[in-house]
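Novice: Next comes run_31.txt, compact mmCIF, C-alpha atoms:
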# COMPACT_ATOMS: atom_id res chain seq x y z
CA TRP A 284 0.00 0.00 0.00
CA VAL A 285 1.54 3.29 -1.14
CA PRO A 286 -0.15 6.69 -0.76
CA VAL A 287 -0.44 8.33 -4.18
CA GLY A 288 -2.66 11.34 -3.57
CA TYR A 289 -5.52 12.81 -1.61
CA GLY A 290 -9.27 12.33 -1.65
CA HIS A 291 -12.16 13.64 0.41
CA ALA A 292 -15.92 13.67 0.66
CA LEU A 293 -18.15 16.17 2.42
CA ASP A 294 -21.82 16.96 2.70
CA ALA A 295 -22.38 19.43 -0.14
CA GLY A 296 -25.09 21.10 1.95
CA LEU A 297 -22.28 22.60 4.03
CA MET A 298 -21.67 24.95 1.11
CA GLY A 299 -24.84 26.82 2.08
CA ASP A 300 -25.86 29.47 -0.44
CA ALA A 301 -22.80 28.65 -2.58
CA LEU A 302 -24.27 25.24 -3.45
CA PRO A 303 -25.50 25.33 -7.05
CA ARG A 304 -29.28 24.97 -7.24
CA GLU A 305 -28.92 21.96 -9.54
CA ILE A 306 -27.33 19.98 -6.70
CA PRO A 307 -29.97 18.43 -4.45
CA LEU A 308 -29.75 18.63 -0.69
CA GLY A 309 -28.45 15.29 0.49
CA ALA A 310 -25.69 15.18 -2.12
CA TRP A 311 -22.09 14.76 -1.06
CA GLU A 312 -19.19 16.37 -2.91
CA ILE A 313 -16.22 14.12 -3.62
CA ASP A 314 -12.79 15.12 -4.83
CA LEU A 315 -9.57 13.36 -5.64
CA PHE A 316 -6.03 14.33 -6.57
CA VAL A 317 -3.48 11.74 -7.71
CA ALA A 318 -0.24 13.47 -6.82
CA ALA A 319 2.28 10.79 -7.78
CA PRO A 320 2.89 11.18 -11.54
CA GLU A 321 3.94 7.56 -11.95
CA HIS A 322 0.43 6.48 -10.91
CA ARG A 323 -1.51 8.73 -13.29
CA GLY A 324 -3.20 7.23 -16.33
CA LYS A 325 -3.24 3.74 -14.82
CA GLY A 326 -6.75 3.62 -13.38
CA VAL A 327 -5.68 4.55 -9.85
CA GLY A 328 -7.90 7.63 -9.82
CA ALA A 329 -10.94 5.72 -11.09
CA ARG A 330 -10.50 3.06 -8.42
CA ALA A 331 -10.05 5.70 -5.71
CA LEU A 332 -13.23 7.49 -6.85
CA GLU A 333 -15.11 4.19 -6.65
CA GLN A 334 -13.84 3.65 -3.12
CA ILE A 335 -14.76 7.17 -1.99
CA ARG A 336 -18.22 6.82 -3.59
CA ASP A 337 -18.77 3.44 -1.93
CA GLU A 338 -17.65 4.82 1.43
CA VAL A 339 -20.07 7.77 1.15
CA PHE A 340 -23.05 5.59 0.24
CA GLY A 341 -22.08 2.93 2.79
CA THR A 342 -21.65 5.25 5.77
CA THR A 343 -23.99 8.23 5.23
CA LEU A 344 -27.54 8.94 4.14
CA ALA A 345 -26.28 10.59 0.94
CA LEU A 346 -28.77 10.71 -1.93
CA ALA A 347 -26.12 11.42 -4.59
CA VAL A 348 -22.48 12.32 -5.06
CA CYS A 349 -21.19 15.19 -7.16
CA VAL A 350 -17.91 16.82 -8.13
CA PHE A 351 -16.96 20.42 -8.75
CA VAL A 352 -14.16 20.70 -11.27
CA ALA A 353 -12.79 23.62 -13.26
CA VAL A 354 -13.82 23.31 -16.91
CA GLY A 355 -10.25 24.14 -17.92
CA ASN A 356 -8.92 21.09 -16.07
CA GLU A 357 -9.56 18.80 -19.03
CA LYS A 358 -7.81 15.75 -17.57
CA ALA A 359 -9.95 15.89 -14.45
CA VAL A 360 -13.13 16.51 -16.45
CA ARG A 361 -12.40 13.46 -18.62
CA ALA A 362 -11.57 11.32 -15.59
CA TYR A 363 -14.82 12.26 -13.81
CA GLU A 364 -16.85 11.73 -17.00
CA LYS A 365 -15.25 8.32 -17.49
CA ALA A 366 -16.04 7.41 -13.88
CA GLY A 367 -19.68 8.32 -14.46
Can you give me the file's structure in the form of structure tokens?
Specialist:
Amino acid sequence: WVPVGYGHALDAGLMGDALPREIPLGAWEIDLFVAAPEHRGKGVGARALEQIRDEVFGTTLALAVCVFVAVGNEKAVRAYEKAG
């Protein structure tokens, strides 16, 4: 087991008025950063997203998960789209 990055999940409702109206209350925001370049492009991020998602749905009353990513971060956008 080798740490390769950072991931988190938090109740998106904590964003208060900054939460986009399209995001339902009960959604959790997830985020991930694969810091180790040698692990990028090998499915590590997709697997980590699956684990974070499963942890959220397995331990909270979350209705959905969502991500907030800068449109200009094309690699992240593609990774999140691929993950579904």
Novice: Taking into account all atoms listed in the file, which residue in the set A:Ala331, A:Ala319, A:Val339, A:Ile313 is nearest to Val352 of chain A?
Specialist: A:Ile313
Novice: Taking only C-alpha atoms into account, which of A:Leu293, A:Leu315, A:Cys349, A:Thr343 comes nearest Arg330 of chain A?
Specialist: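 Looking only at the distances to Arg330 of chain A, the closest residue turns out to be A:Leu315.
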Novice: Using all atoms listed in the file, which residue out of A:Ala353, A:Val317, A:Leu308, A:Met298 lies closest to Pro286 of chain A?
Specialist: A:Val317
Novice: Find, counting only C-alpha atoms, the residue in A:Ala347, A:Val285, A:Ala359, A:Val327 that gets nearest to Pro307 of chain A.
Specialist: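 Closest candidate: A:Ala347.
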Novice: Which is closest to Gly296 of chain A among A:Val354, A:Ala310, A:Glu338, A:Trp284, if we use all atoms listed in the file?
Specialist: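 Using all atoms listed in the file, Gly296 of chain A sits closest to A:Ala310.
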Novice: Smallest atom-to-atom distance to Tyr363 of chain A: which of A:Asp337, A:Glu305, A:Glu321, A:Asp314, using all atoms listed in the file?
Specialist: A:Asp314
Novice: Just how far from atom CA of Gly324 of chain A is atom CA of Ala366 of chain A, in Å to one decimal?
Specialist: 13.1 Å
Novice: For atom CA of Pro303 of chain A and atom CA of Arg336 of chain A, determine how far apart the two atoms are, in Å to one decimal place.
Specialist: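 Pair atom CA of Pro303 of chain A / atom CA of Arg336 of chain A returns 20.2 Å.
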Novice: Mind pulling up the distance from atom CA of Val287 of chain A to atom CA of Asn356 of chain A?
Specialist: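 Pair atom CA of Asn356 of chain A / atom CA of Val287 of chain A returns 19.4 Å.
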Novice: Tell me, as an MDAnalysis selection string, which residues lie within 7 Å of Phe316 of chain A, counting only C-alpha atoms; anything in the same chain fewer than 5 positions away does not count.
Specialist: chainID A and resid 288:290
Novice: Please return as a PyMOL selection string every residue within 10 Å of (-18.0, 4.2, -14.1), taking into account all atoms listed in the file and the file's own coordinates.
Specialist: chain A and resi 329-330+332-333+362-367
Novice: Show me, as a VMD selection string, the residues that have an atom within 9 Å of Ala345 of chain A when counting only C-alpha atoms, minus same-chain residues fewer than 3 positions from it.
Specialist: chain A and resid 294 308 to 311 339 to 342 348
Novice: With the input short on atoms, add all heavy atoms back to segment 292-303 of chain A and write it as a PDB file, in the frame of the given file.
Specialist:
ATOM      1  N   ALA A 292     -14.490  13.582   0.915  1.00  0.00           N
ATOM      2  CA  ALA A 292     -15.920  13.670   0.660  1.00  0.00           C
ATOM      3  C   ALA A 292     -16.524  14.511   1.770  1.00  0.00           C
ATOM      4  O   ALA A 292     -16.111  14.413   2.929  1.00  0.00           O
ATOM      5  CB  ALA A 292     -16.556  12.284   0.649  1.00  0.00           C
ATOM      6  N   LEU A 293     -17.472  15.372   1.409  1.00  0.00           N
ATOM      7  CA  LEU A 293     -18.150  16.170   2.420  1.00  0.00           C
ATOM      8  C   LEU A 293     -19.574  16.451   1.993  1.00  0.00           C
ATOM      9  O   LEU A 293     -19.894  16.448   0.804  1.00  0.00           O
ATOM     10  CB  LEU A 293     -17.403  17.465   2.723  1.00  0.00           C
ATOM     11  CG  LEU A 293     -17.214  18.461   1.593  1.00  0.00           C
ATOM     12  CD1 LEU A 293     -18.289  19.524   1.649  1.00  0.00           C
ATOM     13  CD2 LEU A 293     -15.863  19.114   1.722  1.00  0.00           C
ATOM     14  N   ASP A 294     -20.426  16.650   2.970  1.00  0.00           N
ATOM     15  CA  ASP A 294     -21.820  16.960   2.700  1.00  0.00           C
ATOM     16  C   ASP A 294     -21.879  18.268   1.940  1.00  0.00           C
ATOM     17  O   ASP A 294     -21.492  19.318   2.449  1.00  0.00           O
ATOM     18  CB  ASP A 294     -22.573  17.058   4.025  1.00  0.00           C
ATOM     19  CG  ASP A 294     -24.057  17.280   3.873  1.00  0.00           C
ATOM     20  OD1 ASP A 294     -24.502  17.737   2.797  1.00  0.00           O
ATOM     21  OD2 ASP A 294     -24.782  17.017   4.840  1.00  0.00           O
ATOM     22  N   ALA A 295     -22.350  18.226   0.698  1.00  0.00           N
ATOM     23  CA  ALA A 295     -22.380  19.430  -0.140  1.00  0.00           C
ATOM     24  C   ALA A 295     -23.274  20.507   0.459  1.00  0.00           C
ATOM     25  O   ALA A 295     -23.091  21.688   0.174  1.00  0.00           O
ATOM     26  CB  ALA A 295     -22.836  19.077  -1.555  1.00  0.00           C
ATOM     27  N   GLY A 296     -24.228  20.125   1.290  1.00  0.00           N
ATOM     28  CA  GLY A 296     -25.090  21.100   1.950  1.00  0.00           C
ATOM     29  C   GLY A 296     -24.326  22.068   2.821  1.00  0.00           C
ATOM     30  O   GLY A 296     -24.802  23.169   3.117  1.00  0.00           O
ATOM     31  N   LEU A 297     -23.112  21.697   3.227  1.00  0.00           N
ATOM     32  CA  LEU A 297     -22.280  22.600   4.030  1.00  0.00           C
ATOM     33  C   LEU A 297     -21.853  23.831   3.253  1.00  0.00           C
ATOM     34  O   LEU A 297     -21.393  24.805   3.844  1.00  0.00           O
ATOM     35  CB  LEU A 297     -21.050  21.855   4.567  1.00  0.00           C
ATOM     36  CG  LEU A 297     -21.337  20.725   5.544  1.00  0.00           C
ATOM     37  CD1 LEU A 297     -20.064  19.963   5.870  1.00  0.00           C
ATOM     38  CD2 LEU A 297     -21.973  21.269   6.813  1.00  0.00           C
ATOM     39  N   MET A 298     -22.032  23.795   1.935  1.00  0.00           N
ATOM     40  CA  MET A 298     -21.670  24.950   1.110  1.00  0.00           C
ATOM     41  C   MET A 298     -22.684  26.080   1.258  1.00  0.00           C
ATOM     42  O   MET A 298     -22.446  27.188   0.795  1.00  0.00           O
ATOM     43  CB  MET A 298     -21.562  24.539  -0.360  1.00  0.00           C
ATOM     44  CG  MET A 298     -20.448  23.562  -0.633  1.00  0.00           C
ATOM     45  SD  MET A 298     -20.394  23.062  -2.363  1.00  0.00           S
ATOM     46  CE  MET A 298     -19.880  24.591  -3.136  1.00  0.00           C
ATOM     47  N   GLY A 299     -23.826  25.785   1.863  1.00  0.00           N
ATOM     48  CA  GLY A 299     -24.840  26.820   2.080  1.00  0.00           C
ATOM     49  C   GLY A 299     -25.311  27.424   0.775  1.00  0.00           C
ATOM     50  O   GLY A 299     -25.610  26.716  -0.188  1.00  0.00           O
ATOM     51  N   ASP A 300     -25.374  28.756   0.739  1.00  0.00           N
ATOM     52  CA  ASP A 300     -25.860  29.470  -0.440  1.00  0.00           C
ATOM     53  C   ASP A 300     -24.956  29.309  -1.662  1.00  0.00           C
ATOM     54  O   ASP A 300     -25.375  29.599  -2.782  1.00  0.00           O
ATOM     55  CB  ASP A 300     -26.037  30.954  -0.138  1.00  0.00           C
ATOM     56  CG  ASP A 300     -27.163  31.209   0.851  1.00  0.00           C
ATOM     57  OD1 ASP A 300     -28.044  30.327   0.985  1.00  0.00           O
ATOM     58  OD2 ASP A 300     -27.162  32.272   1.497  1.00  0.00           O
ATOM     59  N   ALA A 301     -23.722  28.850  -1.459  1.00  0.00           N
ATOM     60  CA  ALA A 301     -22.800  28.650  -2.580  1.00  0.00           C
ATOM     61  C   ALA A 301     -23.088  27.349  -3.333  1.00  0.00           C
ATOM     62  O   ALA A 301     -22.574  27.147  -4.430  1.00  0.00           O
ATOM     63  CB  ALA A 301     -21.357  28.642  -2.085  1.00  0.00           C
ATOM     64  N   LEU A 302     -23.931  26.490  -2.779  1.00  0.00           N
ATOM     65  CA  LEU A 302     -24.270  25.240  -3.450  1.00  0.00           C
ATOM     66  C   LEU A 302     -25.123  25.540  -4.679  1.00  0.00           C
ATOM     67  O   LEU A 302     -26.164  26.186  -4.578  1.00  0.00           O
ATOM     68  CB  LEU A 302     -25.050  24.318  -2.496  1.00  0.00           C
ATOM     69  CG  LEU A 302     -25.453  22.960  -3.052  1.00  0.00           C
ATOM     70  CD1 LEU A 302     -24.220  22.102  -3.299  1.00  0.00           C
ATOM     71  CD2 LEU A 302     -26.402  22.256  -2.085  1.00  0.00           C
ATOM     72  N   PRO A 303     -24.688  25.099  -5.852  1.00  0.00           N
ATOM     73  CA  PRO A 303     -25.500  25.330  -7.050  1.00  0.00           C
ATOM     74  C   PRO A 303     -26.890  24.737  -6.888  1.00  0.00           C
ATOM     75  O   PRO A 303     -27.051  23.660  -6.310  1.00  0.00           O
ATOM     76  CB  PRO A 303     -24.710  24.610  -8.155  1.00  0.00           C
ATOM     77  CG  PRO A 303     -23.307  24.562  -7.645  1.00  0.00           C
ATOM     78  CD  PRO A 303     -23.436  24.421  -6.164  1.00  0.00           C
TER      79      PRO A 303
END
